[in-house]
file data10.cif (mmCIF, N, CA and C atoms)
data_entry
#
loop_
_atom_site.label_atom_id
_atom_site.label_comp_id
_atom_site.auth_asym_id
_atom_site.auth_seq_id
_atom_site.Cartn_x
_atom_site.Cartn_y
_atom_site.Cartn_z
N MET J 1 -23.42 20.74 -12.46
CA MET J 1 -23.51 19.74 -11.42
C MET J 1 -22.15 19.03 -11.32
N GLN J 2 -21.73 18.77 -10.12
CA GLN J 2 -20.48 18.06 -9.90
C GLN J 2 -20.77 16.66 -9.36
N VAL J 3 -20.05 15.69 -9.91
CA VAL J 3 -20.16 14.31 -9.43
C VAL J 3 -18.76 13.80 -9.12
N THR J 4 -18.68 12.78 -8.27
CA THR J 4 -17.40 12.16 -7.93
C THR J 4 -17.18 10.97 -8.84
N GLN J 5 -15.97 10.87 -9.38
CA GLN J 5 -15.62 9.75 -10.25
C GLN J 5 -14.27 9.20 -9.83
N LYS J 6 -14.12 7.90 -9.93
CA LYS J 6 -12.83 7.26 -9.63
C LYS J 6 -11.84 7.62 -10.72
N VAL J 7 -10.58 7.81 -10.32
CA VAL J 7 -9.50 8.07 -11.26
C VAL J 7 -8.31 7.22 -10.85
N ILE J 8 -7.61 6.68 -11.83
CA ILE J 8 -6.44 5.86 -11.57
C ILE J 8 -5.21 6.75 -11.70
N VAL J 9 -4.33 6.68 -10.70
CA VAL J 9 -3.09 7.44 -10.72
C VAL J 9 -1.96 6.45 -10.98
N LYS J 10 -1.25 6.69 -12.10
CA LYS J 10 -0.12 5.83 -12.46
C LYS J 10 1.15 6.67 -12.39
N GLU J 11 2.27 5.98 -12.24
CA GLU J 11 3.55 6.66 -12.19
C GLU J 11 4.52 5.95 -13.12
N ILE J 12 5.41 6.73 -13.72
CA ILE J 12 6.44 6.17 -14.58
C ILE J 12 7.66 5.90 -13.72
N MET J 13 8.20 4.68 -13.83
CA MET J 13 9.35 4.29 -13.02
C MET J 13 10.59 5.09 -13.45
N THR J 14 11.15 5.81 -12.48
CA THR J 14 12.41 6.53 -12.67
C THR J 14 13.32 6.17 -11.49
N ASN J 15 14.55 6.62 -11.53
CA ASN J 15 15.47 6.35 -10.42
C ASN J 15 14.93 6.88 -9.10
N SER J 16 14.37 8.10 -9.14
CA SER J 16 13.88 8.69 -7.89
C SER J 16 12.62 7.98 -7.38
N SER J 17 11.71 7.59 -8.29
CA SER J 17 10.51 6.88 -7.84
C SER J 17 10.87 5.49 -7.32
N LYS J 18 11.86 4.85 -7.95
CA LYS J 18 12.30 3.53 -7.49
C LYS J 18 12.89 3.63 -6.08
N LYS J 19 13.71 4.66 -5.85
CA LYS J 19 14.31 4.86 -4.53
C LYS J 19 13.23 5.14 -3.49
N ARG J 20 12.26 5.99 -3.84
CA ARG J 20 11.19 6.34 -2.91
C ARG J 20 10.37 5.11 -2.54
N LEU J 21 10.03 4.29 -3.54
CA LEU J 21 9.26 3.07 -3.28
C LEU J 21 10.04 2.10 -2.40
N LYS J 22 11.32 1.93 -2.70
CA LYS J 22 12.15 1.00 -1.91
C LYS J 22 12.31 1.50 -0.48
N ASP J 23 12.48 2.82 -0.30
CA ASP J 23 12.58 3.38 1.05
C ASP J 23 11.30 3.15 1.84
N SER J 24 10.17 3.34 1.18
CA SER J 24 8.87 3.12 1.83
C SER J 24 8.71 1.67 2.26
N LEU J 25 9.09 0.74 1.38
CA LEU J 25 8.99 -0.68 1.71
C LEU J 25 9.94 -1.06 2.84
N THR J 26 11.13 -0.46 2.85
CA THR J 26 12.09 -0.73 3.92
C THR J 26 11.52 -0.28 5.26
N GLN J 27 10.89 0.89 5.28
CA GLN J 27 10.27 1.39 6.51
C GLN J 27 9.16 0.46 6.98
N LYS J 28 8.31 0.01 6.04
CA LYS J 28 7.24 -0.93 6.39
C LYS J 28 7.80 -2.21 6.99
N SER J 29 8.84 -2.70 6.36
CA SER J 29 9.46 -3.94 6.80
C SER J 29 10.07 -3.79 8.20
N GLU J 30 10.78 -2.70 8.42
CA GLU J 30 11.39 -2.46 9.73
C GLU J 30 10.31 -2.30 10.81
N ARG J 31 9.22 -1.61 10.48
CA ARG J 31 8.13 -1.43 11.44
C ARG J 31 7.50 -2.77 11.79
N ALA J 32 7.27 -3.61 10.79
CA ALA J 32 6.68 -4.94 11.04
C ALA J 32 7.60 -5.79 11.89
N GLN J 33 8.91 -5.72 11.63
CA GLN J 33 9.87 -6.50 12.41
C GLN J 33 9.87 -6.05 13.87
N LYS J 34 9.82 -4.74 14.11
CA LYS J 34 9.77 -4.22 15.49
C LYS J 34 8.49 -4.66 16.19
N GLU J 35 7.38 -4.65 15.45
CA GLU J 35 6.10 -5.08 16.04
C GLU J 35 6.15 -6.56 16.40
N ILE J 36 6.79 -7.37 15.58
CA ILE J 36 6.93 -8.80 15.89
C ILE J 36 7.73 -8.96 17.18
N GLU J 37 8.83 -8.23 17.29
CA GLU J 37 9.65 -8.30 18.51
C GLU J 37 8.86 -7.87 19.74
N GLN J 38 8.06 -6.81 19.61
CA GLN J 38 7.24 -6.35 20.73
C GLN J 38 6.20 -7.38 21.12
N LEU J 39 5.57 -8.00 20.12
CA LEU J 39 4.56 -9.01 20.41
C LEU J 39 5.16 -10.23 21.11
N ILE J 40 6.34 -10.65 20.68
CA ILE J 40 7.02 -11.78 21.33
C ILE J 40 7.37 -11.42 22.77
N PHE J 41 7.84 -10.18 22.98
CA PHE J 41 8.17 -9.72 24.33
C PHE J 41 6.91 -9.72 25.21
N GLN J 42 5.79 -9.21 24.68
CA GLN J 42 4.54 -9.19 25.44
C GLN J 42 4.06 -10.59 25.76
N GLN J 43 4.24 -11.48 24.80
CA GLN J 43 3.82 -12.86 25.02
C GLN J 43 4.62 -13.49 26.16
N LYS J 44 5.93 -13.30 26.17
CA LYS J 44 6.77 -13.84 27.23
C LYS J 44 6.43 -13.21 28.58
N LYS J 45 6.16 -11.91 28.56
CA LYS J 45 5.81 -11.20 29.79
C LYS J 45 4.51 -11.75 30.38
N LEU J 46 3.53 -11.98 29.52
CA LEU J 46 2.25 -12.53 29.98
C LEU J 46 2.43 -13.95 30.52
N GLU J 47 3.28 -14.72 29.87
CA GLU J 47 3.50 -16.09 30.32
C GLU J 47 4.16 -16.11 31.70
N LYS J 48 5.05 -15.15 31.96
CA LYS J 48 5.69 -15.09 33.27
C LYS J 48 4.72 -14.61 34.34
N GLN J 49 3.89 -13.61 33.99
CA GLN J 49 2.94 -13.07 34.96
C GLN J 49 1.85 -14.08 35.30
N PHE J 50 1.34 -14.70 34.27
CA PHE J 50 0.24 -15.64 34.46
C PHE J 50 0.68 -16.99 33.89
N GLU J 51 1.08 -17.85 34.76
CA GLU J 51 1.58 -19.15 34.31
C GLU J 51 0.52 -19.90 33.52
N GLN J 52 -0.72 -19.65 33.85
CA GLN J 52 -1.81 -20.30 33.14
C GLN J 52 -2.48 -19.30 32.18
N SER J 53 -1.67 -18.65 31.34
CA SER J 53 -2.27 -17.68 30.40
C SER J 53 -3.17 -18.43 29.43
N SER J 54 -4.25 -17.80 29.08
CA SER J 54 -5.27 -18.48 28.29
C SER J 54 -4.79 -18.75 26.86
N ASP J 55 -5.33 -19.81 26.32
CA ASP J 55 -5.01 -20.17 24.93
C ASP J 55 -5.50 -19.09 23.98
N ALA J 56 -6.60 -18.43 24.34
CA ALA J 56 -7.15 -17.38 23.48
C ALA J 56 -6.16 -16.23 23.32
N VAL J 57 -5.50 -15.85 24.41
CA VAL J 57 -4.51 -14.77 24.37
C VAL J 57 -3.31 -15.21 23.53
N LYS J 58 -2.84 -16.43 23.75
CA LYS J 58 -1.71 -16.94 22.97
C LYS J 58 -2.05 -16.98 21.47
N ASN J 59 -3.25 -17.47 21.17
CA ASN J 59 -3.67 -17.55 19.78
C ASN J 59 -3.76 -16.16 19.14
N ARG J 60 -4.28 -15.21 19.88
CA ARG J 60 -4.41 -13.86 19.36
C ARG J 60 -3.04 -13.24 19.08
N ILE J 61 -2.11 -13.41 19.99
CA ILE J 61 -0.75 -12.88 19.79
C ILE J 61 -0.10 -13.58 18.60
N ASN J 62 -0.28 -14.89 18.48
CA ASN J 62 0.29 -15.62 17.34
C ASN J 62 -0.33 -15.17 16.02
N GLN J 63 -1.62 -14.86 16.03
CA GLN J 63 -2.27 -14.34 14.83
C GLN J 63 -1.64 -13.01 14.41
N GLU J 64 -1.42 -12.15 15.39
CA GLU J 64 -0.83 -10.84 15.11
C GLU J 64 0.61 -11.00 14.58
N ILE J 65 1.36 -11.92 15.17
CA ILE J 65 2.72 -12.18 14.69
C ILE J 65 2.68 -12.69 13.26
N ASN J 66 1.75 -13.59 12.96
CA ASN J 66 1.64 -14.13 11.59
C ASN J 66 1.25 -13.05 10.59
N LYS J 67 0.39 -12.12 11.00
CA LYS J 67 0.04 -11.01 10.11
C LYS J 67 1.29 -10.21 9.74
N ARG J 68 2.11 -9.93 10.74
CA ARG J 68 3.34 -9.16 10.49
C ARG J 68 4.31 -9.93 9.60
N LYS J 69 4.38 -11.25 9.80
CA LYS J 69 5.25 -12.08 8.96
C LYS J 69 4.77 -12.08 7.51
N GLN J 70 3.46 -12.11 7.33
CA GLN J 70 2.90 -12.04 5.98
C GLN J 70 3.23 -10.69 5.34
N LEU J 71 3.15 -9.62 6.12
CA LEU J 71 3.50 -8.30 5.62
C LEU J 71 4.96 -8.26 5.21
N LEU J 72 5.83 -8.88 6.01
CA LEU J 72 7.25 -8.95 5.66
C LEU J 72 7.46 -9.69 4.33
N ALA J 73 6.75 -10.78 4.14
CA ALA J 73 6.87 -11.55 2.90
C ALA J 73 6.37 -10.72 1.70
N GLN J 74 5.27 -9.99 1.90
CA GLN J 74 4.73 -9.15 0.83
C GLN J 74 5.71 -8.05 0.45
N THR J 75 6.28 -7.39 1.45
CA THR J 75 7.22 -6.30 1.15
C THR J 75 8.46 -6.84 0.45
N GLU J 76 8.89 -8.03 0.82
CA GLU J 76 10.05 -8.63 0.15
C GLU J 76 9.73 -8.91 -1.33
N THR J 77 8.53 -9.42 -1.59
CA THR J 77 8.11 -9.68 -2.97
C THR J 77 8.01 -8.37 -3.75
N GLN J 78 7.46 -7.34 -3.11
CA GLN J 78 7.35 -6.04 -3.78
C GLN J 78 8.73 -5.45 -4.06
N GLN J 79 9.67 -5.63 -3.14
CA GLN J 79 11.05 -5.16 -3.35
C GLN J 79 11.64 -5.81 -4.60
N LYS J 80 11.46 -7.13 -4.73
CA LYS J 80 11.99 -7.84 -5.89
C LYS J 80 11.34 -7.34 -7.18
N THR J 81 10.03 -7.12 -7.13
CA THR J 81 9.31 -6.62 -8.31
C THR J 81 9.84 -5.26 -8.73
N ILE J 82 10.07 -4.39 -7.76
CA ILE J 82 10.60 -3.05 -8.06
C ILE J 82 12.00 -3.16 -8.65
N ASP J 83 12.83 -4.02 -8.08
CA ASP J 83 14.19 -4.19 -8.59
C ASP J 83 14.19 -4.66 -10.04
N GLU J 84 13.23 -5.51 -10.40
CA GLU J 84 13.18 -6.08 -11.75
C GLU J 84 12.49 -5.16 -12.75
N MET J 85 11.74 -4.16 -12.27
CA MET J 85 10.97 -3.30 -13.15
C MET J 85 11.89 -2.35 -13.94
N PRO J 86 11.80 -2.37 -15.27
CA PRO J 86 12.67 -1.49 -16.06
C PRO J 86 12.23 -0.02 -15.95
N MET J 87 13.19 0.87 -16.13
CA MET J 87 12.90 2.30 -16.10
C MET J 87 11.92 2.63 -17.24
N GLY J 88 11.02 3.55 -16.97
CA GLY J 88 10.04 3.97 -17.98
C GLY J 88 8.75 3.18 -17.93
N THR J 89 8.69 2.16 -17.09
CA THR J 89 7.49 1.34 -16.96
C THR J 89 6.43 2.12 -16.18
N GLU J 90 5.19 2.06 -16.66
CA GLU J 90 4.07 2.67 -15.92
C GLU J 90 3.53 1.64 -14.94
N TYR J 91 3.30 2.08 -13.72
CA TYR J 91 2.69 1.20 -12.72
C TYR J 91 1.61 1.98 -12.00
N THR J 92 0.60 1.27 -11.52
CA THR J 92 -0.51 1.92 -10.82
C THR J 92 -0.08 2.28 -9.41
N LEU J 93 -0.20 3.54 -9.09
CA LEU J 93 0.18 4.04 -7.78
C LEU J 93 -0.99 3.91 -6.81
N ARG J 94 -2.16 4.36 -7.25
CA ARG J 94 -3.37 4.26 -6.42
C ARG J 94 -4.59 4.63 -7.25
N GLU J 95 -5.74 4.48 -6.62
CA GLU J 95 -7.00 4.92 -7.20
C GLU J 95 -7.59 5.92 -6.24
N THR J 96 -8.10 7.01 -6.78
CA THR J 96 -8.65 8.06 -5.92
C THR J 96 -9.91 8.63 -6.57
N ASP J 97 -10.54 9.56 -5.89
CA ASP J 97 -11.74 10.21 -6.41
C ASP J 97 -11.40 11.59 -6.93
N MET J 98 -12.17 12.04 -7.94
CA MET J 98 -12.04 13.40 -8.43
C MET J 98 -13.43 13.93 -8.72
N LEU J 99 -13.56 15.24 -8.68
CA LEU J 99 -14.83 15.87 -9.01
C LEU J 99 -14.86 16.14 -10.50
N VAL J 100 -15.99 15.80 -11.12
CA VAL J 100 -16.19 16.03 -12.55
C VAL J 100 -17.37 16.99 -12.69
N GLU J 101 -17.17 18.02 -13.48
CA GLU J 101 -18.24 19.00 -13.74
C GLU J 101 -19.06 18.49 -14.92
N LEU J 102 -20.36 18.30 -14.70
CA LEU J 102 -21.25 17.84 -15.76
C LEU J 102 -22.32 18.89 -16.00
N ASP J 103 -22.57 19.15 -17.26
CA ASP J 103 -23.65 20.04 -17.67
C ASP J 103 -24.54 19.26 -18.62
N GLN J 104 -25.69 19.79 -18.88
CA GLN J 104 -26.59 19.14 -19.82
C GLN J 104 -25.88 19.05 -21.17
N GLY J 105 -25.87 17.84 -21.74
CA GLY J 105 -25.21 17.63 -23.02
C GLY J 105 -23.77 17.16 -22.89
N SER J 106 -23.23 17.11 -21.68
CA SER J 106 -21.85 16.64 -21.47
C SER J 106 -21.74 15.16 -21.81
N ILE J 107 -20.60 14.77 -22.33
CA ILE J 107 -20.33 13.35 -22.58
C ILE J 107 -19.66 12.80 -21.32
N TRP J 108 -20.25 11.74 -20.78
CA TRP J 108 -19.72 11.16 -19.55
C TRP J 108 -19.92 9.66 -19.58
N HIS J 109 -18.85 8.93 -19.35
CA HIS J 109 -18.89 7.47 -19.28
C HIS J 109 -18.49 7.07 -17.87
N PRO J 110 -19.46 6.85 -16.98
CA PRO J 110 -19.12 6.58 -15.57
C PRO J 110 -18.34 5.29 -15.34
N ASP J 111 -18.39 4.35 -16.28
CA ASP J 111 -17.68 3.08 -16.10
C ASP J 111 -16.22 3.16 -16.50
N GLN J 112 -15.85 4.18 -17.25
CA GLN J 112 -14.47 4.31 -17.71
C GLN J 112 -13.75 5.33 -16.84
N LYS J 113 -12.65 4.90 -16.27
CA LYS J 113 -11.92 5.74 -15.32
C LYS J 113 -10.83 6.53 -16.04
N PRO J 114 -10.75 7.82 -15.80
CA PRO J 114 -9.62 8.58 -16.33
C PRO J 114 -8.32 8.13 -15.65
N VAL J 115 -7.20 8.38 -16.32
CA VAL J 115 -5.90 8.00 -15.80
C VAL J 115 -5.01 9.23 -15.76
N ILE J 116 -4.38 9.46 -14.60
CA ILE J 116 -3.40 10.53 -14.45
C ILE J 116 -2.04 9.86 -14.37
N VAL J 117 -1.12 10.27 -15.25
CA VAL J 117 0.22 9.68 -15.28
C VAL J 117 1.20 10.69 -14.71
N LEU J 118 1.95 10.27 -13.69
CA LEU J 118 2.95 11.12 -13.04
C LEU J 118 4.35 10.66 -13.41
N GLU J 119 5.26 11.62 -13.46
CA GLU J 119 6.67 11.30 -13.61
C GLU J 119 7.43 12.20 -12.66
N ASP J 120 8.08 11.60 -11.68
CA ASP J 120 8.81 12.33 -10.64
C ASP J 120 7.92 13.37 -9.95
N GLY J 121 6.68 12.98 -9.68
CA GLY J 121 5.76 13.84 -8.93
C GLY J 121 5.03 14.88 -9.75
N MET J 122 5.32 14.98 -11.02
CA MET J 122 4.65 15.97 -11.88
C MET J 122 3.71 15.25 -12.84
N VAL J 123 2.57 15.90 -13.12
CA VAL J 123 1.60 15.32 -14.05
C VAL J 123 2.20 15.39 -15.45
N LYS J 124 2.33 14.21 -16.06
CA LYS J 124 2.87 14.14 -17.41
C LYS J 124 1.76 14.04 -18.44
N GLU J 125 0.68 13.33 -18.07
CA GLU J 125 -0.39 13.09 -19.02
C GLU J 125 -1.69 12.82 -18.28
N ILE J 126 -2.81 13.22 -18.90
CA ILE J 126 -4.12 12.89 -18.38
C ILE J 126 -4.88 12.21 -19.51
N ARG J 127 -5.28 10.97 -19.27
CA ARG J 127 -6.02 10.19 -20.27
C ARG J 127 -7.48 10.11 -19.82
N GLN J 128 -8.35 10.49 -20.66
CA GLN J 128 -9.78 10.53 -20.30
C GLN J 128 -10.42 9.15 -20.19
N GLY J 129 -9.94 8.19 -20.90
CA GLY J 129 -10.49 6.83 -20.79
C GLY J 129 -11.69 6.58 -21.66
N TRP J 130 -12.11 7.58 -22.43
CA TRP J 130 -13.21 7.33 -23.39
C TRP J 130 -12.93 7.98 -24.69
#
call {"tool": "encode", "arguments": {"input": "data10.cif", "output": "structure tokens"}}
result
Amino acid sequence: MQVTQKVIVKEIMTNSSKKRLKDSLTQKSERAQKEIEQLIFQQKKLEKQFEQSSDAVKNRINQEINKRKQLLAQTETQQKTIDEMPMGTEYTLRETDMLVELDQGSIWHPDQKPVIVLEDGMVKEIRQGW
């Protein structure tokens, strides 16, 4: 019988993983900045078209701008964390599902999540968690 179990994927900080993470954050940041500029442009366009644009529309656009600003602040904090993280440090990359084969008599602890440790994209270690 096969069941789905959560597994934690961790990565060891190396020069290449640090560069990849920083590049990803830079792209997120640039995308959020462009979206802010587009939202401001749309807001001005709506104000010119409809002099009496509704407060609901203004509030919604401002909410979207604030979301992007929060994302920018988060990415900046993550950038600093990555810069300060020493090489060789394990960090959690994500959590995902895996299929586990269970037979009668198998030892299985559903509350304990296995851990897969990656280094430069290659599996370095698999920890069962029990």
call {"tool": "closest_residue", "arguments": {"input": "data10.cif", "among": "J:Glu95, J:Val7, J:Asn59, J:Met1", "to": "Asp111 (chain J)", "atoms": "only C-alpha atoms"}}
result
J:Val7
call {"tool": "select_by_dssp", "arguments": {"input": "data10.cif", "residues": "region 36-115 of chain J", "states": "strand (DSSP E)", "output": "MDAnalysis selection string"}}
result
chainID J and resid 90:101 115
call {"tool": "residues_around", "arguments": {"input": "data10.cif", "residues": "Ile116 (chain J)", "least_positions_apart": "2", "cutoff": "6 Å", "atoms": "only N, CA and C atoms", "output": "list in words"}}
result
Val7, Ile8, Val9, Lys10, Pro114, Leu118, Glu125, Ile126 and Arg127 of chain J
call {"tool": "select_by_dssp", "arguments": {"input": "data10.cif", "residues": "chain J", "states": "helix (DSSP H, G or I)", "output": "CSV table (one decimal) with N, CA and C atoms, keeping the file's coordinate frame"}}
result
chain,number,residue,atom,x,y,z
J,15,ASN,N,14.6,6.6,-11.5
J,15,ASN,CA,15.5,6.4,-10.4
J,15,ASN,C,14.9,6.9,-9.1
J,16,SER,N,14.4,8.1,-9.1
J,16,SER,CA,13.9,8.7,-7.9
J,16,SER,C,12.6,8.0,-7.4
J,17,SER,N,11.7,7.6,-8.3
J,17,SER,CA,10.5,6.9,-7.8
J,17,SER,C,10.9,5.5,-7.3
J,18,LYS,N,11.9,4.8,-8.0
J,18,LYS,CA,12.3,3.5,-7.5
J,18,LYS,C,12.9,3.6,-6.1
J,19,LYS,N,13.7,4.7,-5.8
J,19,LYS,CA,14.3,4.9,-4.5
J,19,LYS,C,13.2,5.1,-3.5
J,20,ARG,N,12.3,6.0,-3.8
J,20,ARG,CA,11.2,6.3,-2.9
J,20,ARG,C,10.4,5.1,-2.5
J,21,LEU,N,10.0,4.3,-3.5
J,21,LEU,CA,9.3,3.1,-3.3
J,21,LEU,C,10.0,2.1,-2.4
J,22,LYS,N,11.3,1.9,-2.7
J,22,LYS,CA,12.2,1.0,-1.9
J,22,LYS,C,12.3,1.5,-0.5
J,23,ASP,N,12.5,2.8,-0.3
J,23,ASP,CA,12.6,3.4,1.0
J,23,ASP,C,11.3,3.2,1.8
J,24,SER,N,10.2,3.3,1.2
J,24,SER,CA,8.9,3.1,1.8
J,24,SER,C,8.7,1.7,2.3
J,25,LEU,N,9.1,0.7,1.4
J,25,LEU,CA,9.0,-0.7,1.7
J,25,LEU,C,9.9,-1.1,2.8
J,26,THR,N,11.1,-0.5,2.8
J,26,THR,CA,12.1,-0.7,3.9
J,26,THR,C,11.5,-0.3,5.3
J,27,GLN,N,10.9,0.9,5.3
J,27,GLN,CA,10.3,1.4,6.5
J,27,GLN,C,9.2,0.5,7.0
J,28,LYS,N,8.3,0.0,6.0
J,28,LYS,CA,7.2,-0.9,6.4
J,28,LYS,C,7.8,-2.2,7.0
J,29,SER,N,8.8,-2.7,6.4
J,29,SER,CA,9.5,-3.9,6.8
J,29,SER,C,10.1,-3.8,8.2
J,30,GLU,N,10.8,-2.7,8.4
J,30,GLU,CA,11.4,-2.5,9.7
J,30,GLU,C,10.3,-2.3,10.8
J,31,ARG,N,9.2,-1.6,10.5
J,31,ARG,CA,8.1,-1.4,11.4
J,31,ARG,C,7.5,-2.8,11.8
J,32,ALA,N,7.3,-3.6,10.8
J,32,ALA,CA,6.7,-4.9,11.0
J,32,ALA,C,7.6,-5.8,11.9
J,33,GLN,N,8.9,-5.7,11.6
J,33,GLN,CA,9.9,-6.5,12.4
J,33,GLN,C,9.9,-6.0,13.9
J,34,LYS,N,9.8,-4.7,14.1
J,34,LYS,CA,9.8,-4.2,15.5
J,34,LYS,C,8.5,-4.7,16.2
J,35,GLU,N,7.4,-4.6,15.4
J,35,GLU,CA,6.1,-5.1,16.0
J,35,GLU,C,6.2,-6.6,16.4
J,36,ILE,N,6.8,-7.4,15.6
J,36,ILE,CA,6.9,-8.8,15.9
J,36,ILE,C,7.7,-9.0,17.2
J,37,GLU,N,8.8,-8.2,17.3
J,37,GLU,CA,9.6,-8.3,18.5
J,37,GLU,C,8.9,-7.9,19.7
J,38,GLN,N,8.1,-6.8,19.6
J,38,GLN,CA,7.2,-6.4,20.7
J,38,GLN,C,6.2,-7.4,21.1
J,39,LEU,N,5.6,-8.0,20.1
J,39,LEU,CA,4.6,-9.0,20.4
J,39,LEU,C,5.2,-10.2,21.1
J,40,ILE,N,6.3,-10.6,20.7
J,40,ILE,CA,7.0,-11.8,21.3
J,40,ILE,C,7.4,-11.4,22.8
J,41,PHE,N,7.8,-10.2,23.0
J,41,PHE,CA,8.2,-9.7,24.3
J,41,PHE,C,6.9,-9.7,25.2
J,42,GLN,N,5.8,-9.2,24.7
J,42,GLN,CA,4.5,-9.2,25.4
J,42,GLN,C,4.1,-10.6,25.8
J,43,GLN,N,4.2,-11.5,24.8
J,43,GLN,CA,3.8,-12.9,25.0
J,43,GLN,C,4.6,-13.5,26.2
J,44,LYS,N,5.9,-13.3,26.2
J,44,LYS,CA,6.8,-13.8,27.2
J,44,LYS,C,6.4,-13.2,28.6
J,45,LYS,N,6.2,-11.9,28.6
J,45,LYS,CA,5.8,-11.2,29.8
J,45,LYS,C,4.5,-11.8,30.4
J,46,LEU,N,3.5,-12.0,29.5
J,46,LEU,CA,2.2,-12.5,30.0
J,46,LEU,C,2.4,-14.0,30.5
J,47,GLU,N,3.3,-14.7,29.9
J,47,GLU,CA,3.5,-16.1,30.3
J,47,GLU,C,4.2,-16.1,31.7
J,48,LYS,N,5.0,-15.2,32.0
J,48,LYS,CA,5.7,-15.1,33.3
J,48,LYS,C,4.7,-14.6,34.3
J,49,GLN,N,3.9,-13.6,34.0
J,49,GLN,CA,2.9,-13.1,35.0
J,49,GLN,C,1.8,-14.1,35.3
J,55,ASP,N,-5.3,-19.8,26.3
J,55,ASP,CA,-5.0,-20.2,24.9
J,55,ASP,C,-5.5,-19.1,24.0
J,56,ALA,N,-6.6,-18.4,24.3
J,56,ALA,CA,-7.2,-17.4,23.5
J,56,ALA,C,-6.2,-16.2,23.3
J,57,VAL,N,-5.5,-15.8,24.4
J,57,VAL,CA,-4.5,-14.8,24.4
J,57,VAL,C,-3.3,-15.2,23.5
J,58,LYS,N,-2.8,-16.4,23.8
J,58,LYS,CA,-1.7,-16.9,23.0
J,58,LYS,C,-2.0,-17.0,21.5
J,59,ASN,N,-3.2,-17.5,21.2
J,59,ASN,CA,-3.7,-17.6,19.8
J,59,ASN,C,-3.8,-16.2,19.1
J,60,ARG,N,-4.3,-15.2,19.9
J,60,ARG,CA,-4.4,-13.9,19.4
J,60,ARG,C,-3.0,-13.2,19.1
J,61,ILE,N,-2.1,-13.4,20.0
J,61,ILE,CA,-0.8,-12.9,19.8
J,61,ILE,C,-0.1,-13.6,18.6
J,62,ASN,N,-0.3,-14.9,18.5
J,62,ASN,CA,0.3,-15.6,17.3
J,62,ASN,C,-0.3,-15.2,16.0
J,63,GLN,N,-1.6,-14.9,16.0
J,63,GLN,CA,-2.3,-14.3,14.8
J,63,GLN,C,-1.6,-13.0,14.4
J,64,GLU,N,-1.4,-12.2,15.4
J,64,GLU,CA,-0.8,-10.8,15.1
J,64,GLU,C,0.6,-11.0,14.6
J,65,ILE,N,1.4,-11.9,15.2
J,65,ILE,CA,2.7,-12.2,14.7
J,65,ILE,C,2.7,-12.7,13.3
J,66,ASN,N,1.8,-13.6,13.0
J,66,ASN,CA,1.6,-14.1,11.6
J,66,ASN,C,1.2,-13.0,10.6
J,67,LYS,N,0.4,-12.1,11.0
J,67,LYS,CA,0.0,-11.0,10.1
J,67,LYS,C,1.3,-10.2,9.7
J,68,ARG,N,2.1,-9.9,10.7
J,68,ARG,CA,3.3,-9.2,10.5
J,68,ARG,C,4.3,-9.9,9.6
J,69,LYS,N,4.4,-11.2,9.8
J,69,LYS,CA,5.2,-12.1,9.0
J,69,LYS,C,4.8,-12.1,7.5
J,70,GLN,N,3.5,-12.1,7.3
J,70,GLN,CA,2.9,-12.0,6.0
J,70,GLN,C,3.2,-10.7,5.3
J,71,LEU,N,3.2,-9.6,6.1
J,71,LEU,CA,3.5,-8.3,5.6
J,71,LEU,C,5.0,-8.3,5.2
J,72,LEU,N,5.8,-8.9,6.0
J,72,LEU,CA,7.2,-9.0,5.7
J,72,LEU,C,7.5,-9.7,4.3
J,73,ALA,N,6.8,-10.8,4.1
J,73,ALA,CA,6.9,-11.6,2.9
J,73,ALA,C,6.4,-10.7,1.7
J,74,GLN,N,5.3,-10.0,1.9
J,74,GLN,CA,4.7,-9.2,0.8
J,74,GLN,C,5.7,-8.0,0.4
J,75,THR,N,6.3,-7.4,1.4
J,75,THR,CA,7.2,-6.3,1.2
J,75,THR,C,8.5,-6.8,0.4
J,76,GLU,N,8.9,-8.0,0.8
J,76,GLU,CA,10.0,-8.6,0.2
J,76,GLU,C,9.7,-8.9,-1.3
J,77,THR,N,8.5,-9.4,-1.6
J,77,THR,CA,8.1,-9.7,-3.0
J,77,THR,C,8.0,-8.4,-3.8
J,78,GLN,N,7.5,-7.3,-3.1
J,78,GLN,CA,7.4,-6.0,-3.8
J,78,GLN,C,8.7,-5.4,-4.1
J,79,GLN,N,9.7,-5.6,-3.1
J,79,GLN,CA,11.0,-5.2,-3.4
J,79,GLN,C,11.6,-5.8,-4.6
J,80,LYS,N,11.5,-7.1,-4.7
J,80,LYS,CA,12.0,-7.8,-5.9
J,80,LYS,C,11.3,-7.3,-7.2
J,81,THR,N,10.0,-7.1,-7.1
J,81,THR,CA,9.3,-6.6,-8.3
J,81,THR,C,9.8,-5.3,-8.7
J,82,ILE,N,10.1,-4.4,-7.8
J,82,ILE,CA,10.6,-3.0,-8.1
J,82,ILE,C,12.0,-3.2,-8.6
J,83,ASP,N,12.8,-4.0,-8.1
J,83,ASP,CA,14.2,-4.2,-8.6
J,83,ASP,C,14.2,-4.7,-10.0
J,84,GLU,N,13.2,-5.5,-10.4
J,84,GLU,CA,13.2,-6.1,-11.8
J,84,GLU,C,12.5,-5.2,-12.8
call {"tool": "resolve_selection", "arguments": {"input": "data10.cif", "expression": "the PyMOL selection byres ((chain J and resi 66-76) around 7)", "output": "VMD selection string"}}
result
chain J and resid 25 28 to 29 32 to 33 36 61 to 65 77 to 81
call {"tool": "atom_distance", "arguments": {"input": "data10.cif", "atom1": "CA of Gln38 (chain J)", "atom2": "CA of Val57 (chain J)"}}
result
14.9 Å
call {"tool": "residues_around", "arguments": {"input": "data10.cif", "residues": "Met98 (chain J)", "least_positions_apart": "3", "cutoff": "8 Å", "atoms": "only C-alpha atoms", "output": "list in words"}}
result
Thr4, Gln5, Lys6 and Val7 of chain J
call {"tool": "closest_residue", "arguments": {"input": "data10.cif", "among": "J:Glu11, J:Glu30, J:Asp97, J:Glu84", "to": "Asp120 (chain J)", "atoms": "only C-alpha atoms"}}
result
J:Glu11
